[in-house]
Amino acid sequence: MANGLEAVEPLEGIVAGTSLGANAWRRLRRNRLAMVGLVVLGIIVLASLAGPPIIAHTTGYTYDSIPSDPALIRAMPPFTGPDGRFAWTHPMGTDNAGRDILARVLLGGRISLLVGITSTLVSLIIGTAFGATAGYLGGRVDEAMMRVVDVLYALPYMMIVIVLLAFFGNQSPFGQLILLFIALGSVSWLTMARIVRGQVMSLKSRDFVQAARATGVRPVRIVLRHLVPNALGPVIVYATLTVPSVMLLEAFLSFLGLGVQAPLASWGSLASDGIQNIAIFPWQLLCPGLTMAVTLFSLNFIGDGLRDALDPQARKS
């Protein structure tokens, strides 16, 4: 070259590095069940968000699935089966009030998914903060905090949730929903705390943590900026598997009449309404039940796929 510097030829056989997230996504895409679950879950979420407005626009139903035009009540009678002459307008049939079950299932999906995700976020925040604090401080503080977790583990958490909902349950439907978020999230963080504690205890002796301590970084900053981000892999996997368990718990409580209250509806409350007429009109129970089962299967497949994708042994291979 004119300036006396020779051009350096690129070395052959060197492969560009990839990030941990890119490697995990590549492994996740290889898992067919996880990808099928991701697609099915996406369809259910989109249908729950966009389906009720479309049904309201095309059939004249309002968002609570009650005909806005009294003349529609005669054209849309109660207990219409999905195989009758209204099959195209009511693919899941109608209930005892002549309301379209498909619209109610989609509206119930909004509430059930919202309860599962929000309660999981509550448990994630509480469990991560509790477990990271116990794991980083160690010693007597760790012993005392873990004994609290052991005591709470020994209590029947289902009974705790029922007592909380029964004691504070005289709320508006939206107040009852917020109480449900808090009650379910406050009993779902124990395993999360144990997972985070174990990860933090294995990470706090690493060189990058020791270097942060040597440079005078405060313990809170070390936990938030160094330890918690490096422990997110197992936390994300467990959070994904917590959503279906919380949704099942919410469905059980709504089935007992302690969860979501009218005019709101969830898959559990819809199943509770359908069980009253199961012998004659089984579609009232089967439609929300099957929709919930498909959603839970999809979430479990995604959680299993994330667990395999973020497995350290899988990274090495």
# chains A, B, ... in the order shown; residues from 1 in each chain; ligands from 1
$ select_by_dssp --residues "region 142-195 of chain A" --states "alpha helix (DSSP H)" --output "ChimeraX atom specification"
/A:142-154,157-167,173-186,190-195
$ residues_around --residues "Met247 (chain A)" --least-positions-apart "5" --cutoff "9 Å" --atoms "only C-alpha atoms" --output "list of chain:residue names"
A:Ser112, A:Leu113, A:Val115, A:Gly116, A:Ile117, A:Thr242, A:Phe252, A:Gly268, A:Met292, A:Leu296
$ closest_atom_pairs --of "region 177-296 of chain A" --to "region 40-55 of chain A" --cutoff "12 Å" --atoms "only C-alpha atoms" --output "JSON lines"
{"residue": "A:Pro244", "atom": "CA", "partner": "A:Leu41", "partner_atom": "CA", "distance": 11.9}
{"residue": "A:Ser266", "atom": "CA", "partner": "A:Ser48", "partner_atom": "CA", "distance": 11.5}
{"residue": "A:Trp267", "atom": "CA", "partner": "A:Ser48", "partner_atom": "CA", "distance": 11.9}
{"residue": "A:Thr291", "atom": "CA", "partner": "A:Ile44", "partner_atom": "CA", "distance": 8.6}
{"residue": "A:Met292", "atom": "CA", "partner": "A:Ile44", "partner_atom": "CA", "distance": 9.8}
{"residue": "A:Ala293", "atom": "CA", "partner": "A:Leu41", "partner_atom": "CA", "distance": 11.4}
{"residue": "A:Val294", "atom": "CA", "partner": "A:Val40", "partner_atom": "CA", "distance": 8.1}
{"residue": "A:Thr295", "atom": "CA", "partner": "A:Leu41", "partner_atom": "CA", "distance": 6.2}
{"residue": "A:Leu296", "atom": "CA", "partner": "A:Leu41", "partner_atom": "CA", "distance": 9.0}
$ closest_residue --among "A:Ala144, A:Ala309, A:Met158, A:Ala193" --to "Trp25 (chain A)" --atoms "only C-alpha atoms"
A:Ala309
$ residues_around --residues "Ala271 (chain A)" --least-positions-apart "2" --cutoff "9 Å" --atoms "only C-alpha atoms" --output "PyMOL selection string"
chain A and resi 251+254-255+266-269+273-276+284-289
$ closest_residue --among "A:Pro219, A:Gly185, A:Pro91, A:Gly175" --to "Leu137 (chain A)" --atoms "only C-alpha atoms"
A:Pro219
$ atom_distance --atom1 "CA of Leu249 (chain A)" --atom2 "CA of Asp304 (chain A)"
20.3 Å
$ atom_distance --atom1 "CA of Leu232 (chain A)" --atom2 "CA of Val200 (chain A)"
10.4 Å
$ atom_distance --atom1 "CA of Arg27 (chain A)" --atom2 "CA of Leu299 (chain A)"
17.3 Å
$ residues_around --residues "Gln199 (chain A)" --least-positions-apart "4" --cutoff "12 Å" --atoms "only C-alpha atoms" --output "list in words"
Thr128, Gly131, Ala132, Thr133, Ala134, Gly135, Tyr136, Met192, Ala193, Arg194, Ile195, Leu203, Lys204, Ser205, Arg206, Val223, His226, Leu227, Val228, Pro229, Asn230, Ala231, Leu232, Gly233, Pro234 and Val235 of chain A
$ write_last_selection --atoms "N, CA and C atoms" --output "PDB file, in the first residue's frame"
ATOM      1  N   THR A 128     -37.747 -13.055  43.557  1.00  0.00           N
ATOM      2  CA  THR A 128     -36.402 -12.632  43.155  1.00  0.00           C
ATOM      3  C   THR A 128     -35.766 -11.746  44.214  1.00  0.00           C
ATOM      4  N   GLY A 131     -35.110 -14.068  47.433  1.00  0.00           N
ATOM      5  CA  GLY A 131     -34.052 -15.049  47.231  1.00  0.00           C
ATOM      6  C   GLY A 131     -32.700 -14.427  46.983  1.00  0.00           C
ATOM      7  N   ALA A 132     -32.639 -13.317  46.219  1.00  0.00           N
ATOM      8  CA  ALA A 132     -31.354 -12.667  45.964  1.00  0.00           C
ATOM      9  C   ALA A 132     -30.779 -12.068  47.235  1.00  0.00           C
ATOM     10  N   THR A 133     -31.628 -11.493  48.066  1.00  0.00           N
ATOM     11  CA  THR A 133     -31.145 -10.934  49.337  1.00  0.00           C
ATOM     12  C   THR A 133     -30.600 -12.022  50.246  1.00  0.00           C
ATOM     13  N   ALA A 134     -31.345 -13.125  50.371  1.00  0.00           N
ATOM     14  CA  ALA A 134     -30.888 -14.222  51.231  1.00  0.00           C
ATOM     15  C   ALA A 134     -29.612 -14.849  50.697  1.00  0.00           C
ATOM     16  N   GLY A 135     -29.523 -15.066  49.398  1.00  0.00           N
ATOM     17  CA  GLY A 135     -28.343 -15.703  48.836  1.00  0.00           C
ATOM     18  C   GLY A 135     -27.105 -14.825  48.913  1.00  0.00           C
ATOM     19  N   TYR A 136     -27.250 -13.529  48.750  1.00  0.00           N
ATOM     20  CA  TYR A 136     -26.076 -12.656  48.761  1.00  0.00           C
ATOM     21  C   TYR A 136     -25.570 -12.401  50.179  1.00  0.00           C
ATOM     22  N   MET A 192     -39.763 -19.778  43.633  1.00  0.00           N
ATOM     23  CA  MET A 192     -38.972 -18.779  42.920  1.00  0.00           C
ATOM     24  C   MET A 192     -37.840 -18.262  43.801  1.00  0.00           C
ATOM     25  N   ALA A 193     -38.127 -18.018  45.071  1.00  0.00           N
ATOM     26  CA  ALA A 193     -37.099 -17.528  45.991  1.00  0.00           C
ATOM     27  C   ALA A 193     -35.985 -18.558  46.176  1.00  0.00           C
ATOM     28  N   ARG A 194     -36.341 -19.825  46.270  1.00  0.00           N
ATOM     29  CA  ARG A 194     -35.326 -20.866  46.415  1.00  0.00           C
ATOM     30  C   ARG A 194     -34.430 -20.954  45.178  1.00  0.00           C
ATOM     31  N   ILE A 195     -35.036 -20.845  43.995  1.00  0.00           N
ATOM     32  CA  ILE A 195     -34.251 -20.917  42.760  1.00  0.00           C
ATOM     33  C   ILE A 195     -33.281 -19.748  42.669  1.00  0.00           C
ATOM     34  N   LEU A 203     -23.147 -17.733  42.193  1.00  0.00           N
ATOM     35  CA  LEU A 203     -22.534 -16.668  41.404  1.00  0.00           C
ATOM     36  C   LEU A 203     -21.740 -15.670  42.226  1.00  0.00           C
ATOM     37  N   LYS A 204     -22.040 -15.534  43.515  1.00  0.00           N
ATOM     38  CA  LYS A 204     -21.435 -14.446  44.278  1.00  0.00           C
ATOM     39  C   LYS A 204     -19.948 -14.634  44.547  1.00  0.00           C
ATOM     40  N   SER A 205     -19.438 -15.837  44.330  1.00  0.00           N
ATOM     41  CA  SER A 205     -17.997 -16.061  44.486  1.00  0.00           C
ATOM     42  C   SER A 205     -17.242 -15.966  43.171  1.00  0.00           C
ATOM     43  N   ARG A 206     -17.908 -15.606  42.091  1.00  0.00           N
ATOM     44  CA  ARG A 206     -17.245 -15.486  40.793  1.00  0.00           C
ATOM     45  C   ARG A 206     -16.344 -14.253  40.767  1.00  0.00           C
ATOM     46  N   VAL A 223     -26.161  -6.812  43.418  1.00  0.00           N
ATOM     47  CA  VAL A 223     -27.268  -7.752  43.276  1.00  0.00           C
ATOM     48  C   VAL A 223     -28.091  -7.433  42.037  1.00  0.00           C
ATOM     49  N   HIS A 226     -25.406  -7.311  38.589  1.00  0.00           N
ATOM     50  CA  HIS A 226     -24.490  -8.404  38.281  1.00  0.00           C
ATOM     51  C   HIS A 226     -25.091  -9.784  38.565  1.00  0.00           C
ATOM     52  N   LEU A 227     -25.741  -9.931  39.719  1.00  0.00           N
ATOM     53  CA  LEU A 227     -26.197 -11.261  40.123  1.00  0.00           C
ATOM     54  C   LEU A 227     -27.553 -11.624  39.516  1.00  0.00           C
ATOM     55  N   VAL A 228     -28.543 -10.753  39.667  1.00  0.00           N
ATOM     56  CA  VAL A 228     -29.885 -11.070  39.167  1.00  0.00           C
ATOM     57  C   VAL A 228     -29.904 -11.277  37.650  1.00  0.00           C
ATOM     58  N   PRO A 229     -29.260 -10.415  36.828  1.00  0.00           N
ATOM     59  CA  PRO A 229     -29.280 -10.685  35.381  1.00  0.00           C
ATOM     60  C   PRO A 229     -28.659 -12.014  34.993  1.00  0.00           C
ATOM     61  N   ASN A 230     -27.626 -12.454  35.719  1.00  0.00           N
ATOM     62  CA  ASN A 230     -26.984 -13.722  35.396  1.00  0.00           C
ATOM     63  C   ASN A 230     -27.773 -14.929  35.916  1.00  0.00           C
ATOM     64  N   ALA A 231     -28.797 -14.686  36.726  1.00  0.00           N
ATOM     65  CA  ALA A 231     -29.625 -15.780  37.238  1.00  0.00           C
ATOM     66  C   ALA A 231     -30.982 -15.844  36.552  1.00  0.00           C
ATOM     67  N   LEU A 232     -31.162 -15.077  35.486  1.00  0.00           N
ATOM     68  CA  LEU A 232     -32.477 -14.976  34.865  1.00  0.00           C
ATOM     69  C   LEU A 232     -32.878 -16.211  34.068  1.00  0.00           C
ATOM     70  N   GLY A 233     -31.910 -17.022  33.618  1.00  0.00           N
ATOM     71  CA  GLY A 233     -32.248 -18.188  32.813  1.00  0.00           C
ATOM     72  C   GLY A 233     -33.222 -19.126  33.514  1.00  0.00           C
ATOM     73  N   PRO A 234     -32.849 -19.716  34.666  1.00  0.00           N
ATOM     74  CA  PRO A 234     -33.796 -20.588  35.375  1.00  0.00           C
ATOM     75  C   PRO A 234     -35.040 -19.858  35.850  1.00  0.00           C
ATOM     76  N   VAL A 235     -34.903 -18.565  36.160  1.00  0.00           N
ATOM     77  CA  VAL A 235     -36.058 -17.799  36.629  1.00  0.00           C
ATOM     78  C   VAL A 235     -37.103 -17.673  35.520  1.00  0.00           C
TER      79      VAL A 235
END
$ closest_residue --among "A:Ser186, A:Thr215, A:Gln261, A:Thr191" --to "Ile111 (chain A)" --atoms "only C-alpha atoms"
A:Gln261
$ closest_residue --among "A:Ala262, A:Gly257, A:Thr240, A:Thr120" --to "Ala34 (chain A)" --atoms "only C-alpha atoms"
A:Thr240
